[in-house]
>>> print(open('data-v7.tsv').read())   # TSV, C-alpha atoms
chain	number	residue	atom	x	y	z
A	24	MET	CA	-58.05	-63.45	-13.88
A	25	ARG	CA	-54.47	-64.56	-14.45
A	26	LYS	CA	-54.11	-62.22	-17.42
A	27	TRP	CA	-54.38	-59.32	-14.96
A	28	LEU	CA	-51.58	-60.75	-12.84
A	29	GLY	CA	-49.16	-60.94	-15.74
A	30	MET	CA	-49.93	-57.37	-16.74
A	31	LEU	CA	-49.50	-56.09	-13.19
A	32	ILE	CA	-46.14	-57.81	-12.79
A	33	LEU	CA	-45.05	-55.97	-15.94
A	34	VAL	CA	-46.22	-52.68	-14.43
A	35	MET	CA	-44.34	-53.40	-11.21
A	36	LEU	CA	-41.16	-54.11	-13.12
A	37	LEU	CA	-41.54	-50.84	-15.00
A	38	ILE	CA	-42.06	-49.00	-11.74
A	39	SER	CA	-38.97	-50.70	-10.31
A	40	ILE	CA	-36.75	-48.87	-12.80
A	41	THR	CA	-38.44	-45.52	-12.28
A	42	ALA	CA	-36.01	-42.98	-10.93
A	43	CYS	CA	-38.05	-39.80	-10.63
A	44	GLY	CA	-34.86	-37.81	-10.46
A	45	THR	CA	-32.66	-40.16	-8.45
A	46	LYS	CA	-29.80	-40.48	-10.92
A	47	GLU	CA	-27.01	-38.07	-10.23
A	48	LYS	CA	-25.04	-35.61	-12.30
A	49	THR	CA	-21.27	-36.17	-12.48
A	50	ALA	CA	-19.51	-34.20	-9.76
A	51	GLN	CA	-17.05	-31.40	-10.35
A	52	GLU	CA	-13.51	-32.45	-9.49
A	53	GLY	CA	-12.75	-32.02	-5.82
A	54	SER	CA	-16.37	-31.75	-4.72
A	55	SER	CA	-16.81	-33.73	-1.51
A	56	THR	CA	-19.20	-31.65	0.58
A	57	ASN	CA	-21.50	-33.75	2.72
A	58	LYS	CA	-25.07	-32.72	1.86
A	59	SER	CA	-26.85	-35.46	3.79
A	60	GLY	CA	-27.13	-33.67	7.12
A	61	THR	CA	-30.72	-32.55	6.61
A	62	ASP	CA	-33.11	-34.45	8.83
A	63	VAL	CA	-36.24	-35.39	6.88
A	64	THR	CA	-38.88	-36.44	9.35
A	65	GLY	CA	-42.00	-36.06	7.23
A	66	ASP	CA	-43.15	-33.10	9.35
A	67	THR	CA	-41.73	-30.52	6.97
A	68	LYS	CA	-44.17	-27.70	7.72
A	69	ASN	CA	-43.34	-24.98	10.21
A	70	GLU	CA	-43.95	-21.30	10.77
A	71	GLN	CA	-41.53	-20.44	7.97
A	72	ASP	CA	-43.50	-22.32	5.30
A	73	SER	CA	-44.42	-20.17	2.33
A	74	PRO	CA	-46.94	-21.22	-0.34
A	75	THR	CA	-45.79	-18.44	-2.65
A	76	MET	CA	-43.17	-20.44	-4.61
A	77	ASN	CA	-44.37	-21.17	-8.15
A	78	PHE	CA	-43.26	-23.63	-10.81
A	79	SER	CA	-41.56	-21.14	-13.10
A	80	ASP	CA	-39.38	-19.80	-10.26
A	81	LEU	CA	-38.44	-23.28	-9.07
A	82	ILE	CA	-37.70	-24.52	-12.58
A	83	GLU	CA	-35.43	-21.55	-13.23
A	84	GLN	CA	-33.58	-22.22	-9.97
A	85	VAL	CA	-33.05	-25.87	-10.92
A	86	LYS	CA	-31.80	-24.84	-14.37
A	87	SER	CA	-29.25	-22.45	-12.90
A	88	SER	CA	-28.00	-24.80	-10.16
A	89	SER	CA	-24.38	-25.90	-10.57
A	90	TYR	CA	-24.24	-28.34	-7.67
A	91	THR	CA	-23.32	-31.88	-8.69
A	92	LEU	CA	-23.04	-35.25	-6.97
A	93	ASN	CA	-20.51	-37.98	-7.61
A	94	SER	CA	-21.67	-40.51	-5.02
A	95	TYR	CA	-24.71	-41.28	-2.92
A	96	THR	CA	-26.83	-43.97	-1.28
A	97	ALA	CA	-30.34	-44.56	-2.57
A	98	VAL	CA	-33.03	-46.60	-0.83
A	99	ARG	CA	-36.04	-47.37	-3.04
A	100	SER	CA	-39.16	-49.23	-1.95
A	101	TYR	CA	-42.05	-50.35	-4.13
A	102	GLU	CA	-45.22	-52.05	-3.01
A	103	GLN	CA	-48.18	-53.18	-5.08
A	104	ASN	CA	-51.46	-54.48	-3.68
A	105	PHE	CA	-54.31	-55.52	-5.92
A	106	VAL	CA	-57.78	-57.05	-5.66
A	107	MET	CA	-59.40	-58.77	-8.67
A	108	GLU	CA	-63.06	-59.72	-8.85
A	109	GLN	CA	-65.13	-61.64	-11.38
A	110	GLY	CA	-68.64	-62.50	-10.27
A	111	THR	CA	-68.27	-64.21	-6.91
A	112	ASP	CA	-64.56	-64.93	-7.43
A	113	ARG	CA	-62.10	-62.68	-5.63
A	114	GLN	CA	-58.31	-62.75	-5.64
A	115	GLU	CA	-55.96	-60.61	-3.58
A	116	ASP	CA	-52.22	-60.46	-4.08
A	117	TYR	CA	-49.22	-58.23	-3.51
A	118	MET	CA	-45.66	-57.57	-4.53
A	119	LYS	CA	-42.92	-55.77	-2.60
A	120	MET	CA	-39.50	-54.70	-3.74
A	121	LYS	CA	-36.76	-52.83	-1.90
A	122	SER	CA	-33.34	-51.90	-3.21
A	123	THR	CA	-30.52	-50.35	-1.19
A	124	GLY	CA	-27.65	-49.12	-3.31
A	125	ASP	CA	-24.38	-47.24	-3.09
A	126	TYR	CA	-23.44	-45.42	-6.30
A	127	ILE	CA	-20.39	-43.65	-7.69
A	128	VAL	CA	-21.08	-41.74	-10.88
A	129	LYS	CA	-17.57	-41.41	-12.30
A	130	PRO	CA	-16.09	-43.90	-12.81
A	131	GLU	CA	-19.38	-45.81	-12.69
A	132	GLN	CA	-19.59	-48.16	-9.72
A	133	SER	CA	-22.45	-49.54	-7.67
A	134	HIS	CA	-23.39	-52.05	-4.99
A	135	ILE	CA	-27.10	-52.85	-4.86
A	136	VAL	CA	-29.04	-55.27	-2.66
A	137	THR	CA	-32.54	-55.98	-3.95
A	138	GLU	CA	-35.22	-57.76	-1.92
A	139	LEU	CA	-38.29	-59.00	-3.77
A	140	GLU	CA	-41.41	-60.54	-2.23
A	141	VAL	CA	-44.26	-61.84	-4.38
A	142	SER	CA	-47.21	-63.51	-2.67
A	143	GLY	CA	-45.09	-64.52	0.31
A	144	GLU	CA	-42.12	-65.81	-1.69
A	145	LYS	CA	-38.93	-63.85	-1.01
A	146	THR	CA	-35.70	-63.56	-2.98
A	147	THR	CA	-32.59	-61.42	-2.47
A	148	THR	CA	-30.10	-60.38	-5.13
A	149	GLU	CA	-26.78	-58.64	-4.51
A	150	ASP	CA	-25.04	-56.92	-7.39
A	151	TYR	CA	-21.69	-55.14	-7.84
A	152	TYR	CA	-21.02	-53.14	-10.99
A	153	LYS	CA	-17.75	-51.65	-12.23
A	154	SER	CA	-17.51	-49.56	-15.38
A	155	GLY	CA	-15.38	-51.29	-18.01
A	156	ILE	CA	-15.35	-54.52	-16.04
A	157	GLY	CA	-18.95	-55.68	-15.71
A	158	SER	CA	-21.19	-56.89	-12.92
A	159	TYR	CA	-20.94	-59.61	-10.28
A	160	THR	CA	-24.28	-60.92	-9.05
A	161	LEU	CA	-25.05	-63.10	-6.04
A	162	PHE	CA	-28.33	-64.99	-6.29
A	163	GLU	CA	-29.37	-68.03	-4.25
A	164	GLY	CA	-25.84	-68.42	-2.92
A	165	LYS	CA	-24.15	-68.45	-6.34
A	166	TRP	CA	-22.07	-65.71	-7.98
A	167	SER	CA	-22.30	-64.96	-11.69
A	168	PHE	CA	-20.46	-62.49	-13.92
A	169	HIS	CA	-21.80	-60.36	-16.76
A	170	PRO	CA	-19.43	-58.40	-19.01
A	171	PRO	CA	-20.12	-54.71	-19.59
A	172	ASP	CA	-22.70	-53.74	-22.18
A	173	LYS	CA	-21.61	-50.70	-24.20
A	174	ASN	CA	-25.27	-49.74	-24.60
A	175	TYR	CA	-25.93	-49.89	-20.87
A	176	GLU	CA	-26.31	-46.51	-19.20
A	177	MET	CA	-26.31	-46.69	-15.43
A	178	PHE	CA	-26.33	-43.03	-14.56
A	179	SER	CA	-27.98	-39.96	-15.98
A	180	ASP	CA	-28.25	-36.26	-15.19
A	181	GLU	CA	-30.22	-35.70	-11.97
A	182	ASN	CA	-31.04	-32.10	-12.78
A	183	ALA	CA	-32.44	-33.15	-16.15
A	184	LYS	CA	-34.62	-35.78	-14.45
A	185	VAL	CA	-35.90	-33.31	-11.86
A	186	LEU	CA	-36.54	-30.71	-14.54
A	187	LEU	CA	-38.52	-33.20	-16.62
A	188	MET	CA	-40.64	-34.09	-13.63
A	189	LEU	CA	-41.27	-30.47	-12.66
A	190	GLU	CA	-42.14	-29.50	-16.23
A	191	GLN	CA	-44.50	-32.48	-16.55
A	192	LEU	CA	-46.25	-31.49	-13.33
A	193	ALA	CA	-46.44	-27.85	-14.38
A	194	SER	CA	-47.94	-28.65	-17.77
A	195	SER	CA	-50.48	-31.23	-16.62
A	196	VAL	CA	-51.61	-30.42	-13.07
A	197	GLY	CA	-49.65	-27.33	-12.09
A	198	ASP	CA	-52.58	-25.54	-10.45
A	199	GLU	CA	-53.07	-28.42	-8.00
A	200	VAL	CA	-49.48	-28.79	-6.81
A	201	LYS	CA	-48.43	-26.98	-3.64
A	202	ILE	CA	-44.83	-25.83	-3.31
A	203	LEU	CA	-43.84	-24.95	0.23
A	204	ALA	CA	-40.51	-23.48	1.27
A	205	ASN	CA	-39.12	-23.92	4.77
A	206	ALA	CA	-35.69	-23.06	6.09
A	207	ASP	CA	-33.82	-25.87	4.30
A	208	GLN	CA	-36.18	-27.51	1.81
A	209	TYR	CA	-38.73	-27.15	-0.95
A	210	VAL	CA	-41.66	-29.53	-0.46
A	211	LEU	CA	-43.93	-30.29	-3.42
A	212	THR	CA	-47.21	-32.09	-2.73
A	213	ALA	CA	-50.22	-33.01	-4.85
A	214	ASP	CA	-53.45	-34.95	-4.26
A	215	LEU	CA	-54.87	-35.69	-7.70
A	216	LYS	CA	-57.87	-37.56	-9.09
A	217	GLY	CA	-59.60	-38.19	-12.37
A	218	GLU	CA	-58.82	-38.54	-16.03
A	219	LYS	CA	-56.55	-35.51	-16.20
A	220	VAL	CA	-53.85	-37.28	-14.19
A	221	LEU	CA	-53.87	-40.37	-16.43
A	222	GLY	CA	-51.12	-38.98	-18.61
A	223	LEU	CA	-49.04	-38.09	-15.57
A	224	ALA	CA	-49.41	-41.62	-14.20
A	225	ARG	CA	-48.24	-43.04	-17.53
A	226	TYR	CA	-45.27	-40.72	-17.43
A	227	LEU	CA	-44.30	-41.78	-13.90
A	228	MET	CA	-44.39	-45.44	-14.86
A	229	MET	CA	-42.49	-45.02	-18.10
A	230	MET	CA	-39.66	-42.83	-16.77
A	231	ASP	CA	-36.71	-45.20	-17.08
A	232	ALA	CA	-33.51	-45.25	-15.08
A	233	THR	CA	-31.66	-48.18	-16.60
A	234	GLY	CA	-32.91	-48.47	-20.15
A	235	THR	CA	-35.86	-47.92	-22.42
A	236	PRO	CA	-38.80	-50.35	-22.04
A	237	SER	CA	-39.44	-52.46	-25.14
A	238	GLU	CA	-42.24	-51.62	-27.56
A	239	GLU	CA	-44.05	-54.74	-26.35
A	240	ASP	CA	-43.84	-53.58	-22.72
A	241	GLU	CA	-45.12	-50.14	-23.69
A	242	ALA	CA	-47.97	-51.65	-25.66
A	243	GLN	CA	-49.04	-53.86	-22.76
A	244	LEU	CA	-48.87	-50.97	-20.34
A	245	GLU	CA	-50.90	-48.82	-22.72
A	246	GLY	CA	-53.45	-51.62	-22.99
A	247	MET	CA	-53.78	-51.69	-19.23
A	248	PHE	CA	-54.31	-47.94	-19.03
A	249	ASN	CA	-57.08	-48.22	-21.62
A	250	LEU	CA	-58.99	-50.27	-19.03
A	251	VAL	CA	-58.66	-47.65	-16.28
A	252	ASN	CA	-61.95	-45.99	-15.35
A	253	ASP	CA	-60.78	-44.08	-12.26
A	254	ILE	CA	-57.42	-43.00	-10.92
A	255	GLU	CA	-56.00	-41.38	-7.77
A	256	LEU	CA	-52.46	-40.11	-7.37
A	257	LYS	CA	-50.64	-38.53	-4.42
A	258	LEU	CA	-47.14	-37.14	-4.83
A	259	GLU	CA	-44.48	-35.62	-2.62
A	260	MET	CA	-41.02	-34.41	-3.61
A	261	ILE	CA	-38.55	-32.90	-1.14
A	262	MET	CA	-35.61	-30.93	-2.53
A	263	ASP	CA	-32.65	-29.28	-0.89
A	264	LYS	CA	-33.36	-25.54	-0.93
A	265	GLN	CA	-29.78	-24.41	-1.46
A	266	ASP	CA	-28.44	-26.91	-3.99
A	267	LEU	CA	-31.76	-28.13	-5.45
A	268	TYR	CA	-31.02	-31.85	-5.51
A	269	LEU	CA	-33.71	-34.39	-4.67
A	270	ILE	CA	-33.79	-35.63	-1.07
A	271	SER	CA	-36.80	-37.90	-1.25
A	272	SER	CA	-39.90	-38.67	-3.28
A	273	THR	CA	-43.11	-40.57	-2.63
A	274	SER	CA	-45.95	-41.54	-4.94
A	275	ASN	CA	-49.18	-43.38	-4.15
A	276	LEU	CA	-51.15	-44.46	-7.21
A	277	ILE	CA	-54.54	-46.22	-7.17
A	278	LEU	CA	-55.99	-47.59	-10.39
A	279	HIS	CA	-59.57	-48.78	-10.81
A	280	MET	CA	-59.90	-51.00	-13.90
A	281	ALA	CA	-62.58	-53.07	-15.59
A	282	ALA	CA	-62.71	-55.49	-18.54
A	283	GLY	CA	-66.13	-57.01	-19.08
A	284	GLU	CA	-67.15	-58.71	-15.84
A	285	GLU	CA	-63.65	-58.49	-14.41
A	286	LYS	CA	-62.83	-55.63	-12.05
A	287	MET	CA	-59.61	-54.76	-10.33
A	288	VAL	CA	-58.29	-52.16	-7.90
A	289	SER	CA	-54.51	-51.86	-7.72
A	290	ARG	CA	-52.41	-49.63	-5.48
A	291	PHE	CA	-48.76	-48.79	-6.16
A	292	ASP	CA	-46.68	-47.13	-3.45
A	293	THR	CA	-43.14	-45.99	-4.22
A	294	TYR	CA	-40.64	-44.40	-1.84
A	295	LEU	CA	-37.14	-43.03	-2.37
A	296	THR	CA	-34.58	-41.48	-0.05
A	297	LEU	CA	-31.09	-40.27	-0.92
A	298	SER	CA	-28.22	-39.87	1.54
A	299	LYS	CA	-24.40	-39.96	1.90
A	300	HIS	CA	-23.99	-37.33	-0.79
A	301	ASN	CA	-20.40	-37.40	-2.08
A	302	GLU	CA	-19.26	-39.51	0.88
A	303	ILE	CA	-18.64	-42.79	-0.99
A	304	LYS	CA	-15.13	-42.90	-2.45
A	305	GLU	CA	-14.82	-46.49	-3.69
A	306	ILE	CA	-16.91	-49.64	-4.00
A	307	LEU	CA	-14.93	-52.88	-3.73
A	308	VAL	CA	-16.08	-56.15	-5.28
A	309	PRO	CA	-15.69	-59.01	-2.74
A	310	GLU	CA	-12.70	-61.25	-3.45
A	311	GLU	CA	-14.93	-64.34	-3.20
A	312	ALA	CA	-17.06	-63.01	-6.07
A	313	VAL	CA	-14.07	-62.51	-8.36
A	314	LYS	CA	-12.58	-65.92	-7.48
A	315	SER	CA	-15.85	-67.80	-7.91
A	316	VAL	CA	-16.38	-66.72	-11.53
A	317	ASN	CA	-12.75	-67.01	-12.70
>>> encode(input="data-v7.tsv", output="structure tokens")
Amino acid sequence: MRKWLGMLILVMLLISITACGTKEKTAQEGSSTNKSGTDVTGDTKNEQDSPTMNFSDLIEQVKSSSYTLNSYTAVRSYEQNFVMEQGTDRQEDYMKMKSTGDYIVKPEQSHIVTELEVSGEKTTTEDYYKSGIGSYTLFEGKWSFHPPDKNYEMFSDENAKVLLMLEQLASSVGDEVKILANADQYVLTADLKGEKVLGLARYLMMMDATGTPSEEDEAQLEGMFNLVNDIELKLEMIMDKQDLYLISSTSNLILHMAAGEEKMVSRFDTYLTLSKHNEIKEILVPEEAVKSVN
């Protein structure tokens, strides 16, 4: 059953770079409005909810939006739980990852703390990135430096990401997605099952935020999906109603797979929240990091 574990770790790593619209568009000069005042409690329905919003209207609104962000804080959480069975043998395992990052889009800067837990073993990585300079990484008490990679793209257009996601939903499962509008937000929800959402699940996993997965990674992921015999997917996206940027997103994916006598059920839960819109003005690399690698 170890071959499953290796494949699932690959899937988790692919999910860990999934943005689902979290990368931000470069801000217009002088834009510093704080857009993080909306309180997202999860209870987004009220008497003003309207189920009349449709995909075409929302997509057109996103296309015409001119609001941009130059800085923000993103908290991303990923959790994978899986059960593998072969005859009387049974193995359960899990993986958790959480990253908390501050980002400035132009000039590109970031400070990200990533916590990873696999089967009870925990590691923490802290990373500072400066455009044109490179990255300083703290791992197991030791700093390291990595020069900038000209092919490395840290940030991308948020509106383009959101549009891609909306268009993918509209084309594949549009009739099953509810779009509610309350006073301040658009809330998109979907509870999906069956083969028709297989393509959407592939899309969610392969959306990349920091680079394109290798052909080998794609092939292994495709091989795993060929073993899927049942799938369940729940989605929620919350967008600011006025400026149409993403506030939060949640996805819960359950895969049922089989290969010969081996069976596996794997659940992937991903969560994202964005805050401190345009509040972050500078990210400073600690002096100890610079000194330790020079």
>>> axis_aligned_box(input="data-v7.tsv", around="range 283-302 of chain A", padding_each_side="5 Å", output="AutoDock Vina command-line options")
--center_x -43.2 --center_y -48.0 --center_z -8.6 --size_x 57.9 --size_y 31.4 --size_z 31.0
>>> residues_around(input="data-v7.tsv", residues="Leu276 in chain A", least_positions_apart="2", cutoff="8 Å", atoms="all atoms listed in the file", output="PyMOL selection string")
chain A and resi 224+254-257+274+278+290-292
>>> closest_residue(input="data-v7.tsv", among="A:Glu218, A:Ser79, A:Glu131, A:Glu302", to="Ser194 in chain A", atoms="all atoms listed in the file")
A:Ser79
>>> closest_residue(input="data-v7.tsv", among="A:Thr160, A:Thr96, A:Asn249, A:Thr293", to="Met120 in chain A", atoms="only C-alpha atoms")
A:Thr293
>>> atom_distance(input="data-v7.tsv", atom1="CA of Asn205 in chain A", atom2="CA of Tyr95 in chain A")
23.8 Å
>>> atom_distance(input="data-v7.tsv", atom1="CA of Glu83 in chain A", atom2="CA of Leu186 in chain A")
9.3 Å
>>> atom_distance(input="data-v7.tsv", atom1="CA of Lys129 in chain A", atom2="CA of Val308 in chain A")
16.4 Å
>>> closest_residue(input="data-v7.tsv", among="A:Met280, A:Val313, A:Glu138, A:Thr111", to="Arg99 in chain A", atoms="all atoms listed in the file")
A:Glu138
>>> closest_residue(input="data-v7.tsv", among="A:Trp166, A:Tyr117, A:Tyr268, A:Phe105", to="Thr148 in chain A", atoms="only C-alpha atoms")
A:Trp166
